[in-house]
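I have placed the structure first, in the form of structure tokens, so that the comments after it can refer back to it.
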Amino acid sequence: MNMKKHDKMKLEIESKSINEGFTRAAVAAFAARLDPSIEELGDIKTAVSEAVTNCIVHAYPDTIGSIQITCRVFEDYIEIKVRDYGRGIADVARAREPMYTTGGADRSGMGFTVMESFMDELRVRSKEGVGTTVTMTKRVKPRK
Amino acid sequence: MDYRIDETTATISISGELDHHSLRETSLEVNRIIDTYLPKTLVLDMAGVRFMDSSGLALVIGGSRKMSELNGRVIVKNVPPQPMKVLNAAGVSRFVTIETTGKVV
């Protein structure tokens, strides 16, 4: 991977579900400069949607809080950081297991699994009562 | 969302972006159709889905659970590439029939 940083974008939203679509569209528009394929762009949008939805559903279950999305583009990859100041995750390893959810029948428990399989790297840092930061990177293959 | 009933089959055409924001309304409507018509086969036609995340999985899995309680089944068809990738990441084809243009996966 070429680590030379090219640009950065930071977005702050409130944890309202209407912002899910807005955020993935904004990140996709920013990622467009890497000239991703339709599939790569779909992967990025899906992962962002999962991360932001997690904040809305789990970090701030009964309140509206702040979510910060920071994107950095490098020569051939994008790094996306999604940060909240919510409830935190008690057991990150457990939360990352497929089909595990505390969200009830409306949630599939596949959010982290989808992020993992669609991105190249996924890191989750969380502290109960302080918040969670999800950092993911995706390599965008140069096209001829 | 449109639907049609042919004898014991309910076909629901889902369109737009299927995420956590849109899920509640879609899921209520799918459940209402199942409860009203008690179909043997529920077909979810995904041709119009422009985007889907794991919220869509909850819809498909929930529909499949509800249909199996009625001894029925779910067929998911006309799935565009992005939603298909999400379905595959979750291994949904293990418990739901996914049809791609005429052939069953």
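Labels for the structure tokens follow display order: chains A, B, ..., residues from 1 in each chain, ligands from 1.
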
**Message:** Using only C-alpha atoms and a cut-off of 10 Å, which residues of chain B sit close to chain A? Please list them as a PyMOL selection string.
**Reply:** chain B and resi 17-24+27+51-62+81-83+85-90

Any chance you could export the current selection's C-alpha atoms as a PDB file, in the first residue's frame?
ATOM      1  CA  GLU B  17     -32.587   1.655  -0.504  1.00  0.00           C
ATOM      2  CA  LEU B  18     -33.065  -1.087   2.066  1.00  0.00           C
ATOM      3  CA  ASP B  19     -31.360   0.043   5.268  1.00  0.00           C
ATOM      4  CA  HIS B  20     -32.175   0.483   8.952  1.00  0.00           C
ATOM      5  CA  HIS B  21     -34.001   3.730   8.139  1.00  0.00           C
ATOM      6  CA  SER B  22     -36.404   2.145   5.659  1.00  0.00           C
ATOM      7  CA  LEU B  23     -36.617  -1.292   7.249  1.00  0.00           C
ATOM      8  CA  ARG B  24     -39.397  -0.750   9.773  1.00  0.00           C
ATOM      9  CA  SER B  27     -40.934  -5.073   7.362  1.00  0.00           C
ATOM     10  CA  PHE B  51     -28.771  -0.514  -2.093  1.00  0.00           C
ATOM     11  CA  MET B  52     -29.035  -2.990   0.753  1.00  0.00           C
ATOM     12  CA  ASP B  53     -27.089  -3.462   3.997  1.00  0.00           C
ATOM     13  CA  SER B  54     -27.486  -6.035   6.776  1.00  0.00           C
ATOM     14  CA  SER B  55     -30.899  -4.550   7.610  1.00  0.00           C
ATOM     15  CA  GLY B  56     -32.080  -6.258   4.419  1.00  0.00           C
ATOM     16  CA  LEU B  57     -30.752  -9.539   5.799  1.00  0.00           C
ATOM     17  CA  ALA B  58     -32.983  -9.090   8.833  1.00  0.00           C
ATOM     18  CA  LEU B  59     -35.934  -8.644   6.465  1.00  0.00           C
ATOM     19  CA  VAL B  60     -35.128 -11.799   4.472  1.00  0.00           C
ATOM     20  CA  ILE B  61     -34.297 -13.880   7.571  1.00  0.00           C
ATOM     21  CA  GLY B  62     -37.371 -12.573   9.451  1.00  0.00           C
ATOM     22  CA  PRO B  81     -25.041  -7.454  -7.535  1.00  0.00           C
ATOM     23  CA  GLN B  82     -24.638  -5.250  -4.416  1.00  0.00           C
ATOM     24  CA  PRO B  83     -27.523  -6.797  -2.409  1.00  0.00           C
ATOM     25  CA  LYS B  85     -22.960  -9.691  -2.139  1.00  0.00           C
ATOM     26  CA  VAL B  86     -24.564  -8.869   1.227  1.00  0.00           C
ATOM     27  CA  LEU B  87     -26.770 -11.985   1.051  1.00  0.00           C
ATOM     28  CA  ASN B  88     -23.706 -14.091   0.218  1.00  0.00           C
ATOM     29  CA  ALA B  89     -21.607 -12.603   3.047  1.00  0.00           C
ATOM     30  CA  ALA B  90     -24.249 -13.877   5.453  1.00  0.00           C
TER      31      ALA B  90
END

**Asked** Which residues come within 9 Å of region 30-32 of chain B, counting only C-alpha atoms, excluding same-chain residues fewer than 3 positions away, as JSON, numbers by chain?
**Response** {"B": [12, 25, 26, 27, 35, 36, 37, 59, 63, 66]}

**Request:** From the DSSP assignment of the backbone, select every residue of chain B that is helix (DSSP H, G or I), and format the answer as a VMD selection string.
**Result:** chain B and resid 20 to 37 54 to 69 81 to 89 92 to 94

Please produce an output containing N, CA and C atoms for each residue in the selection, written as a compact mmCIF listing (two decimals), in the first residue's frame.
# COMPACT_ATOMS: atom_id res chain seq x y z
N HIS B 20 -31.50 0.41 7.66
CA HIS B 20 -32.17 0.48 8.95
C HIS B 20 -33.28 1.55 8.95
N HIS B 21 -33.03 2.64 8.19
CA HIS B 21 -34.00 3.73 8.14
C HIS B 21 -35.32 3.30 7.48
N SER B 22 -35.20 2.51 6.40
CA SER B 22 -36.40 2.15 5.66
C SER B 22 -36.98 0.80 6.11
N LEU B 23 -36.23 0.09 6.94
CA LEU B 23 -36.62 -1.29 7.25
C LEU B 23 -37.97 -1.42 7.95
N ARG B 24 -38.20 -0.57 8.95
CA ARG B 24 -39.40 -0.75 9.77
C ARG B 24 -40.67 -0.78 8.93
N GLU B 25 -40.77 0.22 8.05
CA GLU B 25 -41.96 0.33 7.20
C GLU B 25 -42.08 -0.89 6.27
N THR B 26 -40.96 -1.25 5.65
CA THR B 26 -40.96 -2.38 4.72
C THR B 26 -41.32 -3.67 5.44
N SER B 27 -40.73 -3.85 6.62
CA SER B 27 -40.93 -5.07 7.36
C SER B 27 -42.38 -5.20 7.88
N LEU B 28 -42.96 -4.07 8.30
CA LEU B 28 -44.37 -4.08 8.72
C LEU B 28 -45.27 -4.48 7.56
N GLU B 29 -44.97 -3.94 6.38
CA GLU B 29 -45.78 -4.22 5.20
C GLU B 29 -45.65 -5.69 4.77
N VAL B 30 -44.43 -6.23 4.81
CA VAL B 30 -44.23 -7.64 4.46
C VAL B 30 -45.00 -8.53 5.45
N ASN B 31 -44.89 -8.22 6.74
CA ASN B 31 -45.61 -9.01 7.74
C ASN B 31 -47.13 -8.91 7.57
N ARG B 32 -47.60 -7.71 7.21
CA ARG B 32 -49.03 -7.52 7.02
C ARG B 32 -49.53 -8.37 5.84
N ILE B 33 -48.75 -8.41 4.78
CA ILE B 33 -49.14 -9.21 3.61
C ILE B 33 -49.17 -10.70 3.96
N ILE B 34 -48.16 -11.16 4.70
CA ILE B 34 -48.13 -12.57 5.12
C ILE B 34 -49.36 -12.88 5.99
N ASP B 35 -49.62 -12.03 6.98
CA ASP B 35 -50.73 -12.28 7.91
C ASP B 35 -52.09 -12.23 7.21
N THR B 36 -52.21 -11.37 6.21
CA THR B 36 -53.49 -11.22 5.51
C THR B 36 -53.77 -12.40 4.59
N TYR B 37 -52.75 -12.81 3.81
CA TYR B 37 -53.00 -13.80 2.76
C TYR B 37 -52.52 -15.20 3.09
N SER B 54 -27.06 -4.86 6.01
CA SER B 54 -27.49 -6.04 6.78
C SER B 54 -28.92 -5.91 7.30
N SER B 55 -29.49 -4.70 7.25
CA SER B 55 -30.90 -4.55 7.61
C SER B 55 -31.77 -5.38 6.67
N GLY B 56 -31.36 -5.44 5.40
CA GLY B 56 -32.08 -6.26 4.42
C GLY B 56 -32.00 -7.74 4.75
N LEU B 57 -30.87 -8.14 5.36
CA LEU B 57 -30.75 -9.54 5.80
C LEU B 57 -31.80 -9.85 6.85
N ALA B 58 -31.99 -8.89 7.78
CA ALA B 58 -32.98 -9.09 8.83
C ALA B 58 -34.37 -9.26 8.22
N LEU B 59 -34.64 -8.53 7.14
CA LEU B 59 -35.93 -8.64 6.46
C LEU B 59 -36.10 -10.04 5.85
N VAL B 60 -35.07 -10.49 5.14
CA VAL B 60 -35.13 -11.80 4.47
C VAL B 60 -35.19 -12.93 5.51
N ILE B 61 -34.34 -12.83 6.54
CA ILE B 61 -34.30 -13.88 7.57
C ILE B 61 -35.60 -13.89 8.37
N GLY B 62 -36.10 -12.68 8.71
CA GLY B 62 -37.37 -12.57 9.45
C GLY B 62 -38.53 -13.15 8.65
N GLY B 63 -38.56 -12.83 7.35
CA GLY B 63 -39.61 -13.35 6.47
C GLY B 63 -39.54 -14.86 6.38
N SER B 64 -38.32 -15.38 6.30
CA SER B 64 -38.13 -16.82 6.19
C SER B 64 -38.57 -17.54 7.47
N ARG B 65 -38.29 -16.91 8.62
CA ARG B 65 -38.70 -17.48 9.91
C ARG B 65 -40.23 -17.53 10.00
N LYS B 66 -40.85 -16.42 9.62
CA LYS B 66 -42.30 -16.31 9.70
C LYS B 66 -42.96 -17.31 8.74
N MET B 67 -42.39 -17.45 7.53
CA MET B 67 -42.96 -18.38 6.56
C MET B 67 -42.78 -19.82 6.99
N SER B 68 -41.67 -20.14 7.65
CA SER B 68 -41.51 -21.54 8.07
C SER B 68 -42.47 -21.89 9.20
N GLU B 69 -42.86 -20.90 10.00
CA GLU B 69 -43.90 -21.15 11.01
C GLU B 69 -45.23 -21.52 10.35
N PRO B 81 -26.34 -7.01 -8.09
CA PRO B 81 -25.04 -7.45 -7.54
C PRO B 81 -24.74 -7.00 -6.10
N GLN B 82 -25.01 -5.72 -5.77
CA GLN B 82 -24.64 -5.25 -4.42
C GLN B 82 -25.44 -5.97 -3.32
N PRO B 83 -26.78 -6.02 -3.42
CA PRO B 83 -27.52 -6.80 -2.41
C PRO B 83 -27.12 -8.28 -2.40
N MET B 84 -26.79 -8.82 -3.57
CA MET B 84 -26.40 -10.24 -3.64
C MET B 84 -25.13 -10.49 -2.83
N LYS B 85 -24.21 -9.54 -2.88
CA LYS B 85 -22.96 -9.69 -2.14
C LYS B 85 -23.24 -9.71 -0.63
N VAL B 86 -24.20 -8.89 -0.20
CA VAL B 86 -24.56 -8.87 1.23
C VAL B 86 -25.23 -10.20 1.63
N LEU B 87 -26.12 -10.69 0.78
CA LEU B 87 -26.77 -11.99 1.05
C LEU B 87 -25.72 -13.10 1.14
N ASN B 88 -24.74 -13.06 0.22
CA ASN B 88 -23.71 -14.09 0.22
C ASN B 88 -22.80 -14.01 1.44
N ALA B 89 -22.48 -12.77 1.88
CA ALA B 89 -21.61 -12.60 3.05
C ALA B 89 -22.23 -13.26 4.28
N VAL B 92 -26.91 -16.53 3.30
CA VAL B 92 -28.37 -16.63 3.35
C VAL B 92 -28.91 -17.77 2.48
N SER B 93 -28.15 -18.14 1.43
CA SER B 93 -28.63 -19.19 0.53
C SER B 93 -28.76 -20.55 1.22
N ARG B 94 -28.20 -20.66 2.45
CA ARG B 94 -28.36 -21.91 3.20
C ARG B 94 -29.81 -22.13 3.63

**For Glu7 (chain B): contacts at 12 Å, only C-alpha atoms, fewer than 4 positions along chain excluded, given as a ChimeraX atom specification** = /B:11,37-42

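Non-sequential neighbours of Thr132 (chain A) (distance at most 8 Å, separation of 5 or more positions within a chain, only C-alpha atoms) are Ala59, Arg83, Asp84, Tyr85, Gly86, Gly88, Ile89, Val124, Arg125, Ser126 and Lys127 of chain A.
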